[in-house]
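Coordinates as given in coords.cif (mmCIF, C-alpha atoms and all ligand atoms):
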data_protein
#
loop_
_atom_site.group_PDB
_atom_site.id
_atom_site.type_symbol
_atom_site.label_atom_id
_atom_site.label_comp_id
_atom_site.auth_asym_id
_atom_site.auth_seq_id
_atom_site.Cartn_x
_atom_site.Cartn_y
_atom_site.Cartn_z
ATOM 1 C CA MET A 1 8.196 -91.387 66.974
ATOM 2 C CA GLN A 2 11.146 -90.351 69.032
ATOM 3 C CA ARG A 3 14.579 -89.619 67.556
ATOM 4 C CA VAL A 4 17.571 -91.070 69.355
ATOM 5 C CA THR A 5 21.245 -90.351 68.668
ATOM 6 C CA PHE A 6 24.258 -92.545 69.349
ATOM 7 C CA ARG A 7 27.606 -90.928 68.428
ATOM 8 C CA SER A 8 26.956 -89.714 64.855
ATOM 9 C CA LEU A 9 24.108 -92.225 64.274
ATOM 10 C CA ALA A 10 20.432 -91.342 64.522
ATOM 11 C CA TYR A 11 17.484 -93.680 64.711
ATOM 12 C CA TYR A 12 13.761 -93.509 65.412
ATOM 13 C CA GLN A 13 11.520 -95.514 67.713
ATOM 14 C CA PHE A 14 7.769 -95.822 68.114
ATOM 15 C CA GLU A 15 6.976 -94.864 71.713
ATOM 16 C CA ALA A 16 4.263 -97.551 71.811
ATOM 17 C CA LEU A 17 6.799 -100.261 70.930
ATOM 18 C CA ILE A 18 9.412 -99.270 73.517
ATOM 19 C CA PRO A 19 8.053 -101.271 76.495
ATOM 20 C CA GLY A 20 9.084 -104.910 75.998
ATOM 21 C CA THR A 21 11.125 -104.518 72.798
ATOM 22 C CA VAL A 22 14.462 -103.232 71.620
ATOM 23 C CA HIS A 23 13.965 -101.617 68.235
ATOM 24 C CA GLY A 24 15.286 -98.929 65.939
ATOM 25 C CA MET A 25 14.573 -97.523 62.494
ATOM 26 C CA PHE A 26 18.036 -96.323 61.504
ATOM 27 C CA THR A 27 18.616 -93.276 59.358
ATOM 28 C CA ARG A 28 21.473 -93.162 56.849
ATOM 29 C CA LEU A 29 23.502 -90.867 59.141
ATOM 30 C CA GLY A 30 26.798 -91.635 60.835
ATOM 31 C CA GLY A 31 28.131 -94.650 58.927
ATOM 32 C CA HIS A 32 31.192 -95.547 56.864
ATOM 33 C CA SER A 33 29.861 -95.700 53.284
ATOM 34 C CA ARG A 34 30.678 -93.138 50.615
ATOM 35 C CA PRO A 35 28.260 -91.556 48.139
ATOM 36 C CA PRO A 36 25.915 -92.652 46.672
ATOM 37 C CA TRP A 37 25.579 -95.045 49.641
ATOM 38 C CA ALA A 38 26.520 -92.503 52.320
ATOM 39 C CA SER A 39 26.666 -93.385 54.931
ATOM 40 C CA LEU A 40 25.034 -96.038 57.161
ATOM 41 C CA ASN A 41 24.238 -98.439 54.309
ATOM 42 C CA THR A 42 23.389 -101.994 55.402
ATOM 43 C CA GLY A 43 22.564 -103.325 51.937
ATOM 44 C CA GLY A 44 25.096 -105.891 50.759
ATOM 45 C CA SER A 45 23.973 -106.089 47.132
ATOM 46 C CA VAL A 46 23.890 -102.439 46.055
ATOM 47 C CA GLY A 47 27.546 -102.054 44.959
ATOM 48 C CA ASP A 48 28.913 -100.629 48.211
ATOM 49 C CA ASP A 49 32.266 -101.629 49.760
ATOM 50 C CA PRO A 50 31.625 -104.827 51.805
ATOM 51 C CA ALA A 51 33.978 -103.624 54.560
ATOM 52 C CA ALA A 52 31.919 -100.437 54.992
ATOM 53 C CA VAL A 53 28.682 -102.433 55.053
ATOM 54 C CA GLU A 54 30.088 -104.763 57.706
ATOM 55 C CA ALA A 55 31.298 -101.834 59.807
ATOM 56 C CA ASN A 56 27.844 -100.248 59.481
ATOM 57 C CA HIS A 57 26.206 -103.441 60.764
ATOM 58 C CA ARG A 58 28.511 -103.393 63.783
ATOM 59 C CA LEU A 59 27.763 -99.707 64.474
ATOM 60 C CA THR A 60 24.027 -100.295 64.186
ATOM 61 C CA CYS A 61 24.187 -103.149 66.680
ATOM 62 C CA GLN A 62 26.366 -101.109 69.033
ATOM 63 C CA ALA A 63 23.815 -98.299 69.059
ATOM 64 C CA LEU A 64 21.152 -100.694 70.362
ATOM 65 C CA GLY A 65 23.554 -102.640 72.594
ATOM 66 C CA LEU A 66 23.242 -105.858 70.569
ATOM 67 C CA ASP A 67 25.627 -108.499 69.354
ATOM 68 C CA VAL A 68 25.936 -108.691 65.558
ATOM 69 C CA GLU A 69 25.955 -112.513 65.787
ATOM 70 C CA ASP A 70 22.429 -112.431 67.201
ATOM 71 C CA LEU A 71 20.891 -110.858 64.071
ATOM 72 C CA VAL A 72 18.539 -112.729 61.755
ATOM 73 C CA SER A 73 17.748 -111.194 58.392
ATOM 74 C CA CYS A 74 16.240 -112.030 55.012
ATOM 75 C CA VAL A 75 17.267 -112.134 51.394
ATOM 76 C CA GLN A 76 14.313 -109.911 50.465
ATOM 77 C CA VAL A 77 12.440 -110.558 47.217
ATOM 78 C CA HIS A 78 9.340 -108.267 47.440
ATOM 79 C CA GLY A 79 7.208 -111.288 48.282
ATOM 80 C CA ALA A 80 4.986 -112.237 51.213
ATOM 81 C CA GLU A 81 6.828 -115.235 52.682
ATOM 82 C CA VAL A 82 7.152 -115.117 56.493
ATOM 83 C CA GLY A 83 10.027 -116.821 58.332
ATOM 84 C CA VAL A 84 9.431 -118.175 61.855
ATOM 85 C CA VAL A 85 12.851 -117.995 63.521
ATOM 86 C CA ASP A 86 14.477 -118.980 66.818
ATOM 87 C CA GLU A 87 17.930 -119.322 68.410
ATOM 88 C CA ARG A 88 19.049 -121.807 65.750
ATOM 89 C CA ASP A 89 18.751 -119.049 63.103
ATOM 90 C CA ARG A 90 21.241 -116.697 64.799
ATOM 91 C CA GLY A 91 23.521 -115.052 62.240
ATOM 92 C CA THR A 92 21.571 -116.281 59.194
ATOM 93 C CA ALA A 93 19.617 -114.647 56.361
ATOM 94 C CA ARG A 94 16.452 -116.451 55.321
ATOM 95 C CA PRO A 95 16.297 -116.653 51.497
ATOM 96 C CA GLY A 96 13.199 -115.593 49.541
ATOM 97 C CA THR A 97 11.573 -114.068 52.607
ATOM 98 C CA ASP A 98 10.235 -110.572 53.390
ATOM 99 C CA ALA A 99 9.062 -110.942 56.969
ATOM 100 C CA LEU A 100 10.318 -112.564 60.173
ATOM 101 C CA ILE A 101 8.678 -113.406 63.482
ATOM 102 C CA THR A 102 10.153 -114.747 66.709
ATOM 103 C CA ALA A 103 9.382 -115.449 70.347
ATOM 104 C CA ALA A 104 13.068 -115.824 71.268
ATOM 105 C CA PRO A 105 14.313 -112.991 73.517
ATOM 106 C CA GLY A 106 17.772 -111.761 72.536
ATOM 107 C CA LEU A 107 17.332 -112.588 68.852
ATOM 108 C CA TRP A 108 17.182 -109.487 66.638
ATOM 109 C CA LEU A 109 15.206 -109.307 63.413
ATOM 110 C CA MET A 110 16.712 -106.999 60.813
ATOM 111 C CA LEU A 111 15.429 -105.923 57.400
ATOM 112 C CA ARG A 112 16.658 -103.328 54.893
ATOM 113 C CA PHE A 113 14.732 -100.539 53.209
ATOM 114 C CA ALA A 114 14.863 -97.784 50.600
ATOM 115 C CA ASP A 115 11.225 -96.553 50.171
ATOM 116 C CA CYS A 116 9.426 -99.816 51.045
ATOM 117 C CA THR A 117 7.326 -99.895 54.193
ATOM 118 C CA PRO A 118 8.702 -101.364 57.414
ATOM 119 C CA VAL A 119 5.969 -102.961 59.530
ATOM 120 C CA LEU A 120 7.002 -103.583 63.146
ATOM 121 C CA LEU A 121 4.841 -105.777 65.379
ATOM 122 C CA HIS A 122 4.852 -106.597 69.078
ATOM 123 C CA ASP A 123 2.557 -108.839 71.071
ATOM 124 C CA PRO A 124 3.165 -107.889 74.708
ATOM 125 C CA VAL A 125 0.817 -110.677 75.904
ATOM 126 C CA ARG A 126 2.448 -113.684 74.195
ATOM 127 C CA ARG A 127 5.817 -111.919 73.948
ATOM 128 C CA VAL A 128 6.361 -112.177 70.207
ATOM 129 C CA VAL A 129 7.792 -109.695 67.684
ATOM 130 C CA GLY A 130 7.503 -109.453 63.915
ATOM 131 C CA LEU A 131 9.017 -107.345 61.149
ATOM 132 C CA ALA A 132 7.880 -107.089 57.524
ATOM 133 C CA HIS A 133 9.144 -105.394 54.355
ATOM 134 C CA GLY A 134 6.333 -104.175 52.108
ATOM 135 C CA GLY A 135 6.677 -102.398 48.810
ATOM 136 C CA TRP A 136 3.656 -102.366 46.514
ATOM 137 C CA ARG A 137 4.263 -105.974 45.473
ATOM 138 C CA GLY A 138 4.606 -107.239 49.035
ATOM 139 C CA ILE A 139 1.616 -105.264 50.292
ATOM 140 C CA ALA A 140 -0.509 -106.396 47.325
ATOM 141 C CA ALA A 141 0.561 -109.976 48.116
ATOM 142 C CA GLY A 142 -0.527 -109.440 51.747
ATOM 143 C CA VAL A 143 2.819 -109.412 53.571
ATOM 144 C CA ALA A 144 1.504 -107.397 56.559
ATOM 145 C CA ARG A 145 -1.575 -109.610 56.935
ATOM 146 C CA LYS A 146 0.460 -112.798 56.527
ATOM 147 C CA THR A 147 2.932 -111.697 59.209
ATOM 148 C CA VAL A 148 0.071 -111.237 61.689
ATOM 149 C CA GLU A 149 -1.440 -114.587 60.642
ATOM 150 C CA ALA A 150 1.932 -116.290 61.123
ATOM 151 C CA MET A 151 2.174 -114.811 64.653
ATOM 152 C CA ARG A 152 -1.296 -116.197 65.364
ATOM 153 C CA ASP A 153 -0.598 -119.645 63.882
ATOM 154 C CA ALA A 154 2.904 -120.125 65.304
ATOM 155 C CA TYR A 155 2.480 -118.550 68.745
ATOM 156 C CA GLY A 156 -1.245 -118.136 69.387
ATOM 157 C CA CYS A 157 -1.120 -114.315 69.184
ATOM 158 C CA ARG A 158 -4.452 -112.488 69.071
ATOM 159 C CA PRO A 159 -4.391 -109.647 66.524
ATOM 160 C CA ALA A 160 -6.274 -107.411 68.989
ATOM 161 C CA ASP A 161 -3.331 -107.644 71.405
ATOM 162 C CA LEU A 162 -0.767 -106.517 68.841
ATOM 163 C CA ILE A 163 0.904 -103.125 68.667
ATOM 164 C CA ALA A 164 2.022 -102.204 65.148
ATOM 165 C CA GLY A 165 4.242 -99.478 63.707
ATOM 166 C CA VAL A 166 4.347 -98.503 60.028
ATOM 167 C CA GLY A 167 7.750 -96.856 59.633
ATOM 168 C CA PRO A 168 9.194 -94.269 57.239
ATOM 169 C CA ALA A 169 8.505 -95.167 53.591
ATOM 170 C CA ILE A 170 7.762 -93.393 50.322
ATOM 171 C CA GLY A 171 4.609 -91.335 50.832
ATOM 172 C CA PRO A 172 1.524 -90.533 48.759
ATOM 173 C CA CYS A 173 3.227 -87.200 47.959
ATOM 174 C CA CYS A 174 5.959 -88.920 45.898
ATOM 175 C CA TYR A 175 4.910 -92.433 44.980
ATOM 176 C CA GLU A 176 3.737 -92.187 41.396
ATOM 177 C CA VAL A 177 2.757 -95.536 39.868
ATOM 178 C CA GLY A 178 1.385 -96.783 36.564
ATOM 179 C CA GLU A 179 -1.735 -98.667 35.575
ATOM 180 C CA ASP A 180 -0.246 -102.110 36.391
ATOM 181 C CA VAL A 181 0.502 -101.179 40.013
ATOM 182 C CA ALA A 182 -2.829 -99.376 40.406
ATOM 183 C CA GLU A 183 -4.616 -102.492 39.168
ATOM 184 C CA ALA A 184 -2.752 -104.814 41.564
ATOM 185 C CA ILE A 185 -3.520 -102.509 44.515
ATOM 186 C CA GLY A 186 -7.145 -102.183 43.384
ATOM 187 C CA GLN A 187 -7.477 -105.972 43.388
ATOM 188 C CA ALA A 188 -5.817 -106.334 46.810
ATOM 189 C CA PHE A 189 -7.986 -103.548 48.322
ATOM 190 C CA PRO A 190 -11.261 -103.653 46.360
ATOM 191 C CA ALA A 191 -13.158 -101.282 48.687
ATOM 192 C CA ALA A 192 -10.436 -98.691 49.283
ATOM 193 C CA PRO A 193 -10.253 -96.322 46.302
ATOM 194 C CA SER A 194 -8.656 -93.626 48.491
ATOM 195 C CA LEU A 195 -5.322 -95.471 48.360
ATOM 196 C CA LEU A 196 -4.901 -94.271 44.768
ATOM 197 C CA SER A 197 -5.155 -90.660 43.572
ATOM 198 C CA PRO A 198 -5.372 -90.155 39.815
ATOM 199 C CA ARG A 199 -2.942 -87.648 38.250
ATOM 200 C CA ALA A 200 -3.421 -85.505 35.178
ATOM 201 C CA ASN A 201 -0.765 -87.547 33.326
ATOM 202 C CA GLY A 202 -2.854 -90.735 33.522
ATOM 203 C CA ARG A 203 -0.766 -92.173 36.338
ATOM 204 C CA TRP A 204 -1.560 -92.558 40.026
ATOM 205 C CA HIS A 205 -0.186 -91.640 43.427
ATOM 206 C CA LEU A 206 -0.213 -94.607 45.795
ATOM 207 C CA ASP A 207 -0.618 -94.271 49.566
ATOM 208 C CA LEU A 208 1.436 -97.233 50.739
ATOM 209 C CA TRP A 209 1.327 -96.078 54.390
ATOM 210 C CA SER A 210 -2.464 -96.332 54.450
ATOM 211 C CA ALA A 211 -2.418 -99.612 52.512
ATOM 212 C CA ALA A 212 -0.238 -101.174 55.207
ATOM 213 C CA ARG A 213 -2.381 -99.688 57.984
ATOM 214 C CA LEU A 214 -5.585 -100.886 56.337
ATOM 215 C CA GLN A 215 -4.239 -104.389 55.825
ATOM 216 C CA LEU A 216 -3.308 -104.603 59.509
ATOM 217 C CA ALA A 217 -6.705 -103.233 60.572
ATOM 218 C CA ARG A 218 -8.547 -105.722 58.378
ATOM 219 C CA VAL A 219 -6.760 -108.653 60.016
ATOM 220 C CA GLY A 220 -7.808 -107.336 63.438
ATOM 221 C CA VAL A 221 -4.853 -105.206 64.609
ATOM 222 C CA ARG A 222 -6.344 -102.242 66.499
ATOM 223 C CA GLN A 223 -3.231 -100.324 67.510
ATOM 224 C CA VAL A 224 -1.431 -99.159 64.381
ATOM 225 C CA HIS A 225 0.984 -96.228 64.607
ATOM 226 C CA VAL A 226 2.001 -94.677 61.287
ATOM 227 C CA ALA A 227 5.249 -92.656 61.079
ATOM 228 C CA ARG A 228 3.948 -90.545 58.161
ATOM 229 C CA VAL A 229 7.531 -89.753 57.122
ATOM 230 C CA CYS A 230 8.262 -89.860 53.383
ATOM 231 C CA THR A 231 11.673 -91.303 52.530
ATOM 232 C CA ALA A 232 11.681 -89.651 49.072
ATOM 233 C CA CYS A 233 11.010 -86.209 50.605
ATOM 234 C CA HIS A 234 13.741 -86.667 53.228
ATOM 235 C CA THR A 235 16.804 -88.144 51.525
ATOM 236 C CA LYS A 236 19.098 -86.427 54.034
ATOM 237 C CA GLU A 237 17.961 -88.978 56.611
ATOM 238 C CA TRP A 238 16.625 -91.903 54.553
ATOM 239 C CA TYR A 239 17.583 -93.837 51.455
ATOM 240 C CA SER A 240 15.079 -93.508 48.616
ATOM 241 C CA HIS A 241 15.254 -95.849 45.648
ATOM 242 C CA ARG A 242 12.810 -93.633 43.763
ATOM 243 C CA ALA A 243 14.233 -90.184 44.569
ATOM 244 C CA GLU A 244 17.828 -91.316 44.036
ATOM 245 C CA ARG A 245 17.062 -93.254 40.857
ATOM 246 C CA GLY A 246 18.205 -96.616 42.155
ATOM 247 C CA ARG A 247 21.739 -95.448 43.086
ATOM 248 C CA THR A 248 21.514 -95.575 46.863
ATOM 249 C CA GLY A 249 21.876 -97.697 49.984
ATOM 250 C CA ARG A 250 19.504 -99.437 52.405
ATOM 251 C CA HIS A 251 18.628 -98.317 55.917
ATOM 252 C CA ALA A 252 18.175 -100.908 58.624
ATOM 253 C CA VAL A 253 15.178 -101.589 60.820
ATOM 254 C CA LEU A 254 15.676 -103.893 63.809
ATOM 255 C CA ILE A 255 13.380 -105.305 66.452
ATOM 256 C CA GLY A 256 13.685 -107.940 69.150
ATOM 257 C CA LEU A 257 12.242 -108.849 72.534
ATOM 258 C CA GLU A 258 13.895 -107.307 75.537
ATOM 259 C CA LYS A 259 15.913 -109.995 77.343
HETATM 260 ZN ZN ZN B 301 7.233 -87.442 49.599
#
Give the structure from this file in structure tokens form.
Ligand SMILES: [Zn+2]
Amino acid sequence: MQRVTFRSLAYYQFEALIPGTVHGMFTRLGGHSRPPWASLNTGGSVGDDPAAVEANHRLTCQALGLDVEDLVSCVQVHGAEVGVVDERDRGTARPGTDALITAAPGLWLMLRFADCTPVLLHDPVRRVVGLAHGGWRGIAAGVARKTVEAMRDAYGCRPADLIAGVGPAIGPCCYEVGEDVAEAIGQAFPAAPSLLSPRANGRWHLDLWSAARLQLARVGVRQVHVARVCTACHTKEWYSHRAERGRTGRHAVLIGLEK
């Protein structure tokens, strides 16, 4: 990844996704929100001042040279529903959805994160982008796979042509889960025991980064770049629901096709 700064903002990009897309994985730095949301919070339902959240959206768009009216987002529910969006969806948030795909240049997909895995997708052949939000529930429900399948079904994308990025998310170092989560992941990935490491306390550490990568690989995506940055280890730059005990904001990830 490369780190880019714009005024006091900082965001990351996958080098492999730069040709053909405009994208950014925004850190929490440089925005208007106060603690515990400080400072570039884009989550509208976490208790933060709506004026600060709106100003943060504008700043985020400015950093990438985009118009805030051209964003499309989701009301995320930790599911695996994929929205296929075009110009008519400008300025809207798709309810009950955790992934978006589009072939419309100049339309910007935006999702919000605090530990969950951002999955960015680009098909440079068919000129299509996708963005998914995957916590353990979404990944167990197949959100990364379903996003690729939706790109194939809606636009004829071939998974082998896709370039994928798995962005900053809670890492195997910090993501302790109980028996229920371990069981759901075990069922979703029956032949991948390495995703779960047993702890002495009877709980497990889950490797969500590898789960997302594996799910993409199994659906035929060959180029998967993994950030390997843990949000819970790096709360100076990222929001972490786990490390901050639920009292925190949401960082934004955006992607769209270059006009
Ligand atoms: Zn960590």
request  = May I have the residues within 9 Å of ligand ZN 301 (chain B), computed using only C-alpha atoms and all ligand atoms, as JSON, numbers by chain?
outcome  = {"A": [169, 170, 171, 172, 173, 174, 175, 229, 230, 231, 232, 233, 234]}
Non-local contacts of Asn41 in chain A (6 Å; only C-alpha atoms; under 6 positions in same chain excluded) as a ChimeraX atom specification = /A:249-251
Please save C-alpha atoms of the selected residues as a PDB file, in the coordinates of the input.
ATOM      1  CA  GLY A 249      21.876 -97.697  49.984  1.00  0.00           C
ATOM      2  CA  ARG A 250      19.504 -99.437  52.405  1.00  0.00           C
ATOM      3  CA  HIS A 251      18.628 -98.317  55.917  1.00  0.00           C
TER       4      HIS A 251
END
inquiry  = Show me the residues around (-0.6, -92.0, 42.3) - criterion: an atom at most 12 Å away, only C-alpha atoms counted - as a PyMOL selection string.
reply    = chain A and resi 136+170-183+185+193-208
query = What does the distance from CA of Cys74 in chain A to CA of Arg213 in chain A come to in Å, to one decimal?
reply = 22.5 Å
key: Residues within 12 Å of (4.2, -95.0, 73.8), file coords, only C-alpha atoms, listed as a PyMOL selection string   = chain A and resi 1-2+13-21+163-165+223-225
Selected residues written out, C-alpha atoms, as a short mmCIF file (atom, residue, chain, number, x, y, z; two decimals), in the coordinates of the input:
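Dumped everything to selection18.cif:
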data_model
loop_
_atom_site.label_atom_id
_atom_site.label_comp_id
_atom_site.auth_asym_id
_atom_site.auth_seq_id
_atom_site.Cartn_x
_atom_site.Cartn_y
_atom_site.Cartn_z
CA MET A 1 8.20 -91.39 66.97
CA GLN A 2 11.15 -90.35 69.03
CA GLN A 13 11.52 -95.51 67.71
CA PHE A 14 7.77 -95.82 68.11
CA GLU A 15 6.98 -94.86 71.71
CA ALA A 16 4.26 -97.55 71.81
CA LEU A 17 6.80 -100.26 70.93
CA ILE A 18 9.41 -99.27 73.52
CA PRO A 19 8.05 -101.27 76.50
CA GLY A 20 9.08 -104.91 76.00
CA THR A 21 11.12 -104.52 72.80
CA ILE A 163 0.90 -103.12 68.67
CA ALA A 164 2.02 -102.20 65.15
CA GLY A 165 4.24 -99.48 63.71
CA GLN A 223 -3.23 -100.32 67.51
CA VAL A 224 -1.43 -99.16 64.38
CA HIS A 225 0.98 -96.23 64.61
#
For the PyMOL selection byres (((chain A and resi 38) around 10) and not hetatm), applied here, can you spell out every residue it catches as a compact mmCIF listing (two decimals) with C-alpha atoms, in the coordinates of the input?
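And here is the file that came out, part-v6.txt:
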# COMPACT_ATOMS: atom_id res chain seq x y z
CA ARG A 28 21.47 -93.16 56.85
CA LEU A 29 23.50 -90.87 59.14
CA GLY A 30 26.80 -91.64 60.84
CA GLY A 31 28.13 -94.65 58.93
CA HIS A 32 31.19 -95.55 56.86
CA SER A 33 29.86 -95.70 53.28
CA ARG A 34 30.68 -93.14 50.62
CA PRO A 35 28.26 -91.56 48.14
CA PRO A 36 25.92 -92.65 46.67
CA TRP A 37 25.58 -95.04 49.64
CA SER A 39 26.67 -93.38 54.93
CA LEU A 40 25.03 -96.04 57.16
CA ASN A 41 24.24 -98.44 54.31
CA ASP A 48 28.91 -100.63 48.21
CA ALA A 52 31.92 -100.44 54.99
CA LYS A 236 19.10 -86.43 54.03
CA TYR A 239 17.58 -93.84 51.46
CA THR A 248 21.51 -95.58 46.86
CA GLY A 249 21.88 -97.70 49.98
CA ARG A 250 19.50 -99.44 52.40
Residues near range 83-91 of chain A, anyone? I mean within 7 Å using only C-alpha atoms, not counting same-chain ones fewer than 6 positions away, as a PDB file with C-alpha atoms, keeping the file's coordinate frame.
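Everything below was put into out11.pdb:
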ATOM      1  CA  GLU A  69      25.955-112.513  65.787  1.00  0.00           C
ATOM      2  CA  ASP A  70      22.429-112.431  67.201  1.00  0.00           C
ATOM      3  CA  LEU A  71      20.891-110.858  64.071  1.00  0.00           C
ATOM      4  CA  VAL A  72      18.539-112.729  61.755  1.00  0.00           C
ATOM      5  CA  THR A  97      11.573-114.068  52.607  1.00  0.00           C
ATOM      6  CA  ALA A  99       9.062-110.942  56.969  1.00  0.00           C
ATOM      7  CA  LEU A 100      10.318-112.564  60.173  1.00  0.00           C
ATOM      8  CA  ILE A 101       8.678-113.406  63.482  1.00  0.00           C
ATOM      9  CA  THR A 102      10.153-114.747  66.709  1.00  0.00           C
ATOM     10  CA  ALA A 104      13.068-115.824  71.268  1.00  0.00           C
ATOM     11  CA  LEU A 107      17.332-112.588  68.852  1.00  0.00           C
TER      12      LEU A 107
END
Using the chain letters and residue numbers of this document, give as a PDB file with C-alpha atoms, keeping the file's coordinate frame the residues selected by the PyMOL selection byres (((chain A and resi 256) around 8) and not hetatm).
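To be explicit, this is the file written out as out06.pdb:
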ATOM      1  CA  THR A  21      11.125-104.518  72.798  1.00  0.00           C
ATOM      2  CA  VAL A  22      14.462-103.232  71.620  1.00  0.00           C
ATOM      3  CA  HIS A  23      13.965-101.617  68.235  1.00  0.00           C
ATOM      4  CA  PRO A 105      14.313-112.991  73.517  1.00  0.00           C
ATOM      5  CA  GLY A 106      17.772-111.761  72.536  1.00  0.00           C
ATOM      6  CA  LEU A 107      17.332-112.588  68.852  1.00  0.00           C
ATOM      7  CA  TRP A 108      17.182-109.487  66.638  1.00  0.00           C
ATOM      8  CA  LEU A 109      15.206-109.307  63.413  1.00  0.00           C
ATOM      9  CA  VAL A 129       7.792-109.695  67.684  1.00  0.00           C
ATOM     10  CA  LEU A 254      15.676-103.893  63.809  1.00  0.00           C
ATOM     11  CA  ILE A 255      13.380-105.305  66.452  1.00  0.00           C
ATOM     12  CA  LEU A 257      12.242-108.849  72.534  1.00  0.00           C
ATOM     13  CA  GLU A 258      13.895-107.307  75.537  1.00  0.00           C
TER      14      GLU A 258
END
task = Find the residue from A:Val53, A:Val125, A:Ala191, A:Ala63 that sits nearest to Tyr12 in chain A; use all atoms listed in the file when measuring.
result =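 Among the listed residues, the smallest separation from Tyr12 in chain A belongs to A:Ala63.
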ask   = Which one is closest to Ala160 in chain A: A:Gly220, A:Leu66, A:Gly134, A:Met110? Count only C-alpha atoms.
value =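 Going through A:Gly220, A:Leu66, A:Gly134, A:Met110 one by one, the smallest distance to Ala160 in chain A is for A:Gly220.
Nearest to Ala252 in chain A of all the residues A:Val68, A:Ala114, A:Val119, A:Ala154 is A:Ala114, counting all atoms listed in the file.
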request  = In Å, rounded to a single decimal, give me how far CA of Asp98 in chain A is from CA of Gln76 in chain A.
outcome  = 5.1 Å
inquiry  = Just the number, please: distance in Å from CA of Cys157 in chain A to CA of Arg126 in chain A, one decimal.
reply    =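 A separation of 6.2 Å between them.
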query = Which residues come within 9 Å of Pro168 in chain A, counting all atoms listed in the file, excluding same-chain residues fewer than 5 positions away, as a list in words?
reply = Met25, Asp115, Cys116, Thr117, Pro118, Trp209, Val226, Ala227, Arg228, Val229, Cys230, Thr231 and Trp238 of chain A
May I have the residues from that selection written out with C-alpha atoms, as an mmCIF file, keeping the file's coordinate frame?
data_model
loop_
_atom_site.group_PDB
_atom_site.id
_atom_site.type_symbol
_atom_site.label_atom_id
_atom_site.label_comp_id
_atom_site.auth_asym_id
_atom_site.auth_seq_id
_atom_site.Cartn_x
_atom_site.Cartn_y
_atom_site.Cartn_z
ATOM 1 C CA MET A 25 14.573 -97.523 62.494
ATOM 2 C CA ASP A 115 11.225 -96.553 50.171
ATOM 3 C CA CYS A 116 9.426 -99.816 51.045
ATOM 4 C CA THR A 117 7.326 -99.895 54.193
ATOM 5 C CA PRO A 118 8.702 -101.364 57.414
ATOM 6 C CA TRP A 209 1.327 -96.078 54.390
ATOM 7 C CA VAL A 226 2.001 -94.677 61.287
ATOM 8 C CA ALA A 227 5.249 -92.656 61.079
ATOM 9 C CA ARG A 228 3.948 -90.545 58.161
ATOM 10 C CA VAL A 229 7.531 -89.753 57.122
ATOM 11 C CA CYS A 230 8.262 -89.860 53.383
ATOM 12 C CA THR A 231 11.673 -91.303 52.530
ATOM 13 C CA TRP A 238 16.625 -91.903 54.553
#
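Comparing A:Ala144, A:Ala150, A:Val253, A:Ala93 by their smallest distance to Gly167 in chain A, the closest is A:Val253 (using all atoms listed in the file).
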request  = List the residues matched by the PyMOL selection byres (((chain A and resi 140) around 9) and not hetatm) in the displayed structure as a PyMOL selection string, ordered by chain and then by residue number.
outcome  = chain A and resi 80+134-139+141-143+184-189+211
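With all atoms listed in the file as the atoms that count, the minimum distance from Arg112 in chain A to the choices A:Ser240, A:Ala192, A:Phe6, A:Ala212 is reached by A:Ser240.
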query = Of the residues A:Ala243, A:Arg145, A:Arg152, A:Glu237, which is the one nearest to Arg3 in chain A, using all atoms listed in the file?
reply = A:Glu237
Can you pull out every residue within 10 Å of Glu54 in chain A, counting all atoms listed in the file, but drop anything in the same chain fewer than 3 positions away, and send it as a CSV table (one decimal) with C-alpha atoms, in the frame of the given file?
chain,number,residue,atom,x,y,z
A,32,HIS,CA,31.2,-95.5,56.9
A,41,ASN,CA,24.2,-98.4,54.3
A,42,THR,CA,23.4,-102.0,55.4
A,43,GLY,CA,22.6,-103.3,51.9
A,44,GLY,CA,25.1,-105.9,50.8
A,49,ASP,CA,32.3,-101.6,49.8
A,50,PRO,CA,31.6,-104.8,51.8
A,51,ALA,CA,34.0,-103.6,54.6
A,57,HIS,CA,26.2,-103.4,60.8
A,58,ARG,CA,28.5,-103.4,63.8
A,59,LEU,CA,27.8,-99.7,64.5
A,60,THR,CA,24.0,-100.3,64.2
A,68,VAL,CA,25.9,-108.7,65.6
